[in-house]
Structures are given as structure tokens and as C-alpha cells.
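Next comes structure_4.cif, with mmCIF, N, CA and C atoms.
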data_protein
loop_
_atom_site.label_atom_id
_atom_site.label_comp_id
_atom_site.auth_asym_id
_atom_site.auth_seq_id
_atom_site.Cartn_x
_atom_site.Cartn_y
_atom_site.Cartn_z
N MET V 1 34.47 20.15 -37.54
CA MET V 1 34.83 20.37 -36.15
C MET V 1 33.91 19.52 -35.29
N LEU V 2 34.44 19.01 -34.23
CA LEU V 2 33.71 18.19 -33.28
C LEU V 2 33.19 19.07 -32.15
N TYR V 3 31.90 18.98 -31.88
CA TYR V 3 31.28 19.75 -30.81
C TYR V 3 30.82 18.79 -29.72
N LEU V 4 31.43 18.88 -28.54
CA LEU V 4 31.03 18.07 -27.39
C LEU V 4 30.03 18.90 -26.60
N ILE V 5 28.82 18.37 -26.45
CA ILE V 5 27.75 19.17 -25.85
C ILE V 5 27.10 18.42 -24.70
N ASP V 6 27.06 19.08 -23.54
CA ASP V 6 26.36 18.60 -22.36
C ASP V 6 25.12 19.49 -22.18
N LYS V 7 24.17 19.05 -21.40
CA LYS V 7 22.90 19.75 -21.27
C LYS V 7 23.00 21.19 -20.77
N PRO V 8 23.81 21.49 -19.75
CA PRO V 8 23.82 22.87 -19.26
C PRO V 8 24.25 23.92 -20.30
N MET V 9 25.10 23.53 -21.23
CA MET V 9 25.60 24.48 -22.24
C MET V 9 25.02 24.20 -23.63
N ALA V 10 23.94 23.44 -23.69
CA ALA V 10 23.41 22.97 -24.96
C ALA V 10 22.97 24.11 -25.88
N GLU V 11 22.28 25.09 -25.37
CA GLU V 11 21.75 26.15 -26.23
C GLU V 11 22.86 26.85 -27.01
N ILE V 12 23.88 27.29 -26.32
CA ILE V 12 24.97 27.99 -27.01
C ILE V 12 25.79 27.03 -27.88
N GLY V 13 25.99 25.81 -27.42
CA GLY V 13 26.75 24.83 -28.19
C GLY V 13 26.06 24.47 -29.50
N LEU V 14 24.76 24.22 -29.44
CA LEU V 14 24.03 23.86 -30.65
C LEU V 14 23.90 25.05 -31.60
N ARG V 15 23.73 26.23 -31.05
CA ARG V 15 23.67 27.43 -31.89
C ARG V 15 25.00 27.64 -32.61
N THR V 16 26.10 27.41 -31.91
CA THR V 16 27.42 27.55 -32.52
C THR V 16 27.64 26.49 -33.59
N ALA V 17 27.28 25.25 -33.29
CA ALA V 17 27.44 24.16 -34.25
C ALA V 17 26.58 24.37 -35.49
N ALA V 18 25.40 24.95 -35.32
CA ALA V 18 24.50 25.18 -36.45
C ALA V 18 25.13 26.10 -37.50
N GLY V 19 26.02 26.96 -37.08
CA GLY V 19 26.68 27.87 -38.00
C GLY V 19 27.92 27.30 -38.65
N ASP V 20 28.24 26.04 -38.37
CA ASP V 20 29.44 25.40 -38.90
C ASP V 20 29.04 24.29 -39.87
N PRO V 21 29.30 24.46 -41.17
CA PRO V 21 28.90 23.44 -42.14
C PRO V 21 29.64 22.11 -41.98
N GLU V 22 30.72 22.10 -41.22
CA GLU V 22 31.49 20.87 -41.01
C GLU V 22 31.31 20.31 -39.60
N ALA V 23 30.27 20.72 -38.92
CA ALA V 23 30.04 20.30 -37.53
C ALA V 23 29.65 18.83 -37.43
N HIS V 24 30.15 18.20 -36.37
CA HIS V 24 29.69 16.89 -35.92
C HIS V 24 29.46 17.04 -34.42
N VAL V 25 28.22 16.89 -34.00
CA VAL V 25 27.85 17.08 -32.60
C VAL V 25 27.90 15.73 -31.88
N VAL V 26 28.54 15.74 -30.71
CA VAL V 26 28.55 14.55 -29.85
C VAL V 26 27.95 14.96 -28.51
N LEU V 27 26.83 14.33 -28.17
CA LEU V 27 26.16 14.59 -26.89
C LEU V 27 26.83 13.74 -25.82
N ILE V 28 27.22 14.39 -24.73
CA ILE V 28 27.89 13.67 -23.65
C ILE V 28 27.17 13.94 -22.33
N GLN V 29 27.39 13.07 -21.38
CA GLN V 29 26.81 13.17 -20.05
C GLN V 29 25.30 13.41 -20.16
N ASP V 30 24.75 14.43 -19.50
CA ASP V 30 23.31 14.69 -19.56
C ASP V 30 22.87 15.25 -20.90
N GLY V 31 23.80 15.55 -21.77
CA GLY V 31 23.46 15.99 -23.12
C GLY V 31 22.72 14.93 -23.90
N VAL V 32 22.82 13.66 -23.49
CA VAL V 32 22.13 12.59 -24.20
C VAL V 32 20.61 12.69 -24.06
N TYR V 33 20.13 13.52 -23.14
CA TYR V 33 18.69 13.74 -23.00
C TYR V 33 18.16 14.67 -24.10
N LEU V 34 19.03 15.34 -24.81
CA LEU V 34 18.63 16.31 -25.82
C LEU V 34 18.23 15.62 -27.12
N SER V 35 17.39 16.29 -27.88
CA SER V 35 17.03 15.87 -29.24
C SER V 35 17.24 17.07 -30.15
N PRO V 36 18.49 17.37 -30.47
CA PRO V 36 18.77 18.59 -31.22
C PRO V 36 18.20 18.58 -32.63
N ASP V 37 17.65 19.72 -33.01
CA ASP V 37 17.16 19.93 -34.37
C ASP V 37 18.23 20.73 -35.11
N ILE V 38 19.19 20.02 -35.66
CA ILE V 38 20.34 20.66 -36.28
C ILE V 38 20.69 19.90 -37.56
N ASP V 39 21.14 20.63 -38.56
CA ASP V 39 21.51 20.03 -39.84
C ASP V 39 22.98 19.64 -39.81
N ALA V 40 23.29 18.64 -38.99
CA ALA V 40 24.66 18.13 -38.83
C ALA V 40 24.54 16.73 -38.25
N PRO V 41 25.56 15.90 -38.46
CA PRO V 41 25.53 14.58 -37.83
C PRO V 41 25.54 14.73 -36.30
N VAL V 42 24.72 13.93 -35.63
CA VAL V 42 24.65 13.96 -34.17
C VAL V 42 24.86 12.54 -33.64
N SER V 43 25.76 12.43 -32.69
CA SER V 43 26.02 11.16 -32.01
C SER V 43 25.86 11.39 -30.51
N ALA V 44 25.73 10.30 -29.78
CA ALA V 44 25.65 10.36 -28.33
C ALA V 44 26.54 9.26 -27.76
N VAL V 45 27.28 9.58 -26.73
CA VAL V 45 28.17 8.60 -26.11
C VAL V 45 27.33 7.43 -25.60
N ALA V 46 27.61 6.25 -26.13
CA ALA V 46 26.80 5.06 -25.84
C ALA V 46 26.73 4.75 -24.35
N ARG V 47 27.83 4.88 -23.65
CA ARG V 47 27.84 4.60 -22.21
C ARG V 47 26.93 5.56 -21.45
N ASP V 48 26.96 6.83 -21.83
CA ASP V 48 26.08 7.81 -21.18
C ASP V 48 24.61 7.51 -21.46
N VAL V 49 24.32 7.05 -22.66
CA VAL V 49 22.96 6.66 -23.03
C VAL V 49 22.50 5.48 -22.18
N ASP V 50 23.36 4.46 -22.07
CA ASP V 50 23.02 3.26 -21.30
C ASP V 50 22.82 3.57 -19.82
N VAL V 51 23.74 4.34 -19.24
CA VAL V 51 23.66 4.65 -17.81
C VAL V 51 22.38 5.41 -17.48
N ARG V 52 21.95 6.28 -18.39
CA ARG V 52 20.77 7.11 -18.14
C ARG V 52 19.47 6.47 -18.65
N GLY V 53 19.58 5.33 -19.33
CA GLY V 53 18.39 4.64 -19.82
C GLY V 53 17.62 5.43 -20.86
N VAL V 54 18.33 6.13 -21.71
CA VAL V 54 17.72 6.99 -22.71
C VAL V 54 17.47 6.21 -24.00
N ASP V 55 16.33 6.45 -24.61
CA ASP V 55 16.04 5.92 -25.94
C ASP V 55 16.35 7.02 -26.94
N LEU V 56 17.34 6.78 -27.80
CA LEU V 56 17.73 7.79 -28.78
C LEU V 56 16.75 7.84 -29.94
N THR V 57 16.59 9.03 -30.50
CA THR V 57 15.81 9.16 -31.71
C THR V 57 16.62 8.56 -32.86
N PRO V 58 15.97 8.16 -33.95
CA PRO V 58 16.69 7.50 -35.05
C PRO V 58 17.79 8.35 -35.70
N ASP V 59 17.71 9.65 -35.56
CA ASP V 59 18.72 10.51 -36.19
C ASP V 59 19.95 10.74 -35.32
N ILE V 60 20.00 10.11 -34.14
CA ILE V 60 21.16 10.22 -33.26
C ILE V 60 21.80 8.84 -33.15
N ASP V 61 23.08 8.79 -33.50
CA ASP V 61 23.81 7.53 -33.49
C ASP V 61 24.58 7.35 -32.18
N PRO V 62 24.48 6.18 -31.55
CA PRO V 62 25.33 5.93 -30.38
C PRO V 62 26.78 5.76 -30.85
N ILE V 63 27.70 6.26 -30.06
CA ILE V 63 29.12 6.18 -30.40
C ILE V 63 29.90 5.70 -29.18
N PRO V 64 30.75 4.69 -29.35
CA PRO V 64 31.55 4.21 -28.21
C PRO V 64 32.51 5.30 -27.73
N TYR V 65 32.79 5.28 -26.45
CA TYR V 65 33.68 6.27 -25.86
C TYR V 65 35.05 6.27 -26.54
N ASP V 66 35.55 5.09 -26.88
CA ASP V 66 36.86 5.01 -27.55
C ASP V 66 36.86 5.76 -28.88
N ASP V 67 35.74 5.72 -29.59
CA ASP V 67 35.64 6.45 -30.86
C ASP V 67 35.61 7.96 -30.63
N VAL V 68 35.00 8.37 -29.53
CA VAL V 68 35.00 9.80 -29.19
C VAL V 68 36.42 10.27 -28.92
N VAL V 69 37.16 9.49 -28.15
CA VAL V 69 38.56 9.84 -27.85
C VAL V 69 39.37 9.93 -29.14
N ALA V 70 39.19 8.97 -30.03
CA ALA V 70 39.91 9.00 -31.32
C ALA V 70 39.54 10.24 -32.12
N ALA V 71 38.27 10.61 -32.13
CA ALA V 71 37.83 11.79 -32.87
C ALA V 71 38.41 13.06 -32.26
N ILE V 72 38.52 13.11 -30.94
CA ILE V 72 39.10 14.27 -30.26
C ILE V 72 40.56 14.46 -30.67
N VAL V 73 41.27 13.36 -30.82
CA VAL V 73 42.68 13.41 -31.21
C VAL V 73 42.83 13.86 -32.67
N GLU V 74 41.89 13.43 -33.51
CA GLU V 74 41.99 13.68 -34.95
C GLU V 74 41.43 15.02 -35.40
N GLN V 75 40.52 15.61 -34.66
CA GLN V 75 39.81 16.80 -35.12
C GLN V 75 39.96 17.97 -34.15
N GLU V 76 39.65 19.14 -34.67
CA GLU V 76 39.55 20.31 -33.80
C GLU V 76 38.25 20.15 -32.99
N VAL V 77 38.30 20.55 -31.73
CA VAL V 77 37.17 20.32 -30.82
C VAL V 77 36.74 21.63 -30.18
N ARG V 78 35.41 21.76 -30.04
CA ARG V 78 34.84 22.81 -29.21
C ARG V 78 34.01 22.10 -28.15
N SER V 79 34.26 22.42 -26.92
CA SER V 79 33.59 21.76 -25.81
C SER V 79 32.61 22.70 -25.14
N PHE V 80 31.38 22.20 -24.99
CA PHE V 80 30.34 22.95 -24.28
C PHE V 80 29.83 22.08 -23.14
N VAL V 81 30.71 21.88 -22.16
CA VAL V 81 30.37 21.07 -20.98
C VAL V 81 30.53 21.88 -19.73
#

Let me see the structure of the file written as C-alpha cells.
Amino acid sequence: MLYLIDKPMAEIGLRTAAGDPEAHVVLIQDGVYLSPDIDAPVSAVARDVDVRGVDLTPDIDPIPYDDVVAAIVEQEVRSFV
């Protein structure tokens, strides 16, 4: 399942994703400021990272917005924005 997480809802979103063995977390908007400690793949929308001037930790992969849209179409999504 794809988890879209922004900063205001991060605590509940990450806690929910942590309980899902098939979770893939995508940090969006101000969520790119987060450094989640979670046992799941974590990506951050590249445009949001660039606009905010954030340096991602090595365990967070930048992902183009087009890829996020494709993933939303292909997978079940939970949004925490």
C-alpha cells in the first residue's frame, strides 16, 4: 500500500504504515522535512525536496511527481495530508 504523508499528519501516518508489511511511504509537501524511522521503503517527491531545499538522508529516495501519480493509479493509497 502507498502511504502519502505530509508533516501535519506524519505521526499517525507513519504509525499506520509501520504496521503494514507492504507499505511504501511517500513524503509530500512539508513531509519532505521528516526523517522517518520505519522499516519500509521511503521516497520523497523530488519537486517538493527541491522547492524546500532539503537534503535527503541516504535512506530516502527522491521520486518524480509523474512516478507518484503512476503509483497512485496502480496501488491502494492511504493519504495523510

Atom pair atom C of Leu4 in chain V / CA of Phe80 in chain V: separation (Å):
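Result for atom C of Leu4 in chain V versus CA of Phe80 in chain V: 4.7 Å, one decimal.
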
Quick check, in Å to one decimal: how far apart do CA of Ile72 in chain V and atom N of Val54 in chain V lie?
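Atom N of Val54 in chain V lies 23.9 Å from CA of Ile72 in chain V.
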
Using only C-alpha atoms, determine which residues lie at most 12 Å from Thr16 in chain V, disregarding the query and same-chain residues fewer than 3 positions distant; provide the list as a compact mmCIF listing (two decimals) with N, CA and C atoms, in the coordinates of the input.
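Printed below is selection_25.txt as written:
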# COMPACT_ATOMS: atom_id res chain seq x y z
N MET V 1 34.47 20.15 -37.54
CA MET V 1 34.83 20.37 -36.15
C MET V 1 33.91 19.52 -35.29
N LEU V 2 34.44 19.01 -34.23
CA LEU V 2 33.71 18.19 -33.28
C LEU V 2 33.19 19.07 -32.15
N TYR V 3 31.90 18.98 -31.88
CA TYR V 3 31.28 19.75 -30.81
C TYR V 3 30.82 18.79 -29.72
N LEU V 4 31.43 18.88 -28.54
CA LEU V 4 31.03 18.07 -27.39
C LEU V 4 30.03 18.90 -26.60
N ILE V 5 28.82 18.37 -26.45
CA ILE V 5 27.75 19.17 -25.85
C ILE V 5 27.10 18.42 -24.70
N MET V 9 25.10 23.53 -21.23
CA MET V 9 25.60 24.48 -22.24
C MET V 9 25.02 24.20 -23.63
N ALA V 10 23.94 23.44 -23.69
CA ALA V 10 23.41 22.97 -24.96
C ALA V 10 22.97 24.11 -25.88
N GLU V 11 22.28 25.09 -25.37
CA GLU V 11 21.75 26.15 -26.23
C GLU V 11 22.86 26.85 -27.01
N ILE V 12 23.88 27.29 -26.32
CA ILE V 12 24.97 27.99 -27.01
C ILE V 12 25.79 27.03 -27.88
N GLY V 13 25.99 25.81 -27.42
CA GLY V 13 26.75 24.83 -28.19
C GLY V 13 26.06 24.47 -29.50
N GLY V 19 26.02 26.96 -37.08
CA GLY V 19 26.68 27.87 -38.00
C GLY V 19 27.92 27.30 -38.65
N ASP V 20 28.24 26.04 -38.37
CA ASP V 20 29.44 25.40 -38.90
C ASP V 20 29.04 24.29 -39.87
N PRO V 21 29.30 24.46 -41.17
CA PRO V 21 28.90 23.44 -42.14
C PRO V 21 29.64 22.11 -41.98
N GLU V 22 30.72 22.10 -41.22
CA GLU V 22 31.49 20.87 -41.01
C GLU V 22 31.31 20.31 -39.60
N ALA V 23 30.27 20.72 -38.92
CA ALA V 23 30.04 20.30 -37.53
C ALA V 23 29.65 18.83 -37.43
N HIS V 24 30.15 18.20 -36.37
CA HIS V 24 29.69 16.89 -35.92
C HIS V 24 29.46 17.04 -34.42
N VAL V 25 28.22 16.89 -34.00
CA VAL V 25 27.85 17.08 -32.60
C VAL V 25 27.90 15.73 -31.88
N ILE V 38 19.19 20.02 -35.66
CA ILE V 38 20.34 20.66 -36.28
C ILE V 38 20.69 19.90 -37.56
N ALA V 40 23.29 18.64 -38.99
CA ALA V 40 24.66 18.13 -38.83
C ALA V 40 24.54 16.73 -38.25
N ARG V 78 35.41 21.76 -30.04
CA ARG V 78 34.84 22.81 -29.21
C ARG V 78 34.01 22.10 -28.15
N SER V 79 34.26 22.42 -26.92
CA SER V 79 33.59 21.76 -25.81
C SER V 79 32.61 22.70 -25.14
N PHE V 80 31.38 22.20 -24.99
CA PHE V 80 30.34 22.95 -24.28
C PHE V 80 29.83 22.08 -23.14

Could you check how far atom C of Leu34 in chain V sits from atom C of Asp67 in chain V, in Å to one decimal?
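Spanning atom C of Leu34 in chain V to atom C of Asp67 in chain V is a straight-line distance of 19.3 Å.
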
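Shell of Ala44 in chain V at 5 Å, with all atoms listed in the file counted and residues fewer than 5 places along the chain excluded, is Leu27, Asp61, Pro62 and Ile63 of chain V.
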
Just say which residues the PyMOL selection byres (((chain V and resi 28 and name CA) around 9) and name CA) picks in this file, as a ChimeraX atom specification.
/V:4-7,26-27,29-32,43-46,48-49,81

Please save N, CA and C atoms of the selected residues as a short mmCIF file (atom, residue, chain, number, x, y, z; two decimals), in the frame of the given file.
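That gives us again.cif:
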data_model
loop_
_atom_site.label_atom_id
_atom_site.label_comp_id
_atom_site.auth_asym_id
_atom_site.auth_seq_id
_atom_site.Cartn_x
_atom_site.Cartn_y
_atom_site.Cartn_z
N LEU V 4 31.43 18.88 -28.54
CA LEU V 4 31.03 18.07 -27.39
C LEU V 4 30.03 18.90 -26.60
N ILE V 5 28.82 18.37 -26.45
CA ILE V 5 27.75 19.17 -25.85
C ILE V 5 27.10 18.42 -24.70
N ASP V 6 27.06 19.08 -23.54
CA ASP V 6 26.36 18.60 -22.36
C ASP V 6 25.12 19.49 -22.18
N LYS V 7 24.17 19.05 -21.40
CA LYS V 7 22.90 19.75 -21.27
C LYS V 7 23.00 21.19 -20.77
N VAL V 26 28.54 15.74 -30.71
CA VAL V 26 28.55 14.55 -29.85
C VAL V 26 27.95 14.96 -28.51
N LEU V 27 26.83 14.33 -28.17
CA LEU V 27 26.16 14.59 -26.89
C LEU V 27 26.83 13.74 -25.82
N GLN V 29 27.39 13.07 -21.38
CA GLN V 29 26.81 13.17 -20.05
C GLN V 29 25.30 13.41 -20.16
N ASP V 30 24.75 14.43 -19.50
CA ASP V 30 23.31 14.69 -19.56
C ASP V 30 22.87 15.25 -20.90
N GLY V 31 23.80 15.55 -21.77
CA GLY V 31 23.46 15.99 -23.12
C GLY V 31 22.72 14.93 -23.90
N VAL V 32 22.82 13.66 -23.49
CA VAL V 32 22.13 12.59 -24.20
C VAL V 32 20.61 12.69 -24.06
N SER V 43 25.76 12.43 -32.69
CA SER V 43 26.02 11.16 -32.01
C SER V 43 25.86 11.39 -30.51
N ALA V 44 25.73 10.30 -29.78
CA ALA V 44 25.65 10.36 -28.33
C ALA V 44 26.54 9.26 -27.76
N VAL V 45 27.28 9.58 -26.73
CA VAL V 45 28.17 8.60 -26.11
C VAL V 45 27.33 7.43 -25.60
N ALA V 46 27.61 6.25 -26.13
CA ALA V 46 26.80 5.06 -25.84
C ALA V 46 26.73 4.75 -24.35
N ASP V 48 26.96 6.83 -21.83
CA ASP V 48 26.08 7.81 -21.18
C ASP V 48 24.61 7.51 -21.46
N VAL V 49 24.32 7.05 -22.66
CA VAL V 49 22.96 6.66 -23.03
C VAL V 49 22.50 5.48 -22.18
N VAL V 81 30.71 21.88 -22.16
CA VAL V 81 30.37 21.07 -20.98
C VAL V 81 30.53 21.88 -19.73
#

Would you give me, as a ChimeraX atom specification, the residues in chain V that DSSP reads as strand (DSSP E)?
/V:2-5,24-27,42-45,60-63,77-80

Any chance you could list, as a PyMOL selection string, the residues in chain V that come up helix (DSSP H, G or I) when DSSP is run on the backbone?
chain V and resi 7-18+29-33+46-52+65-74
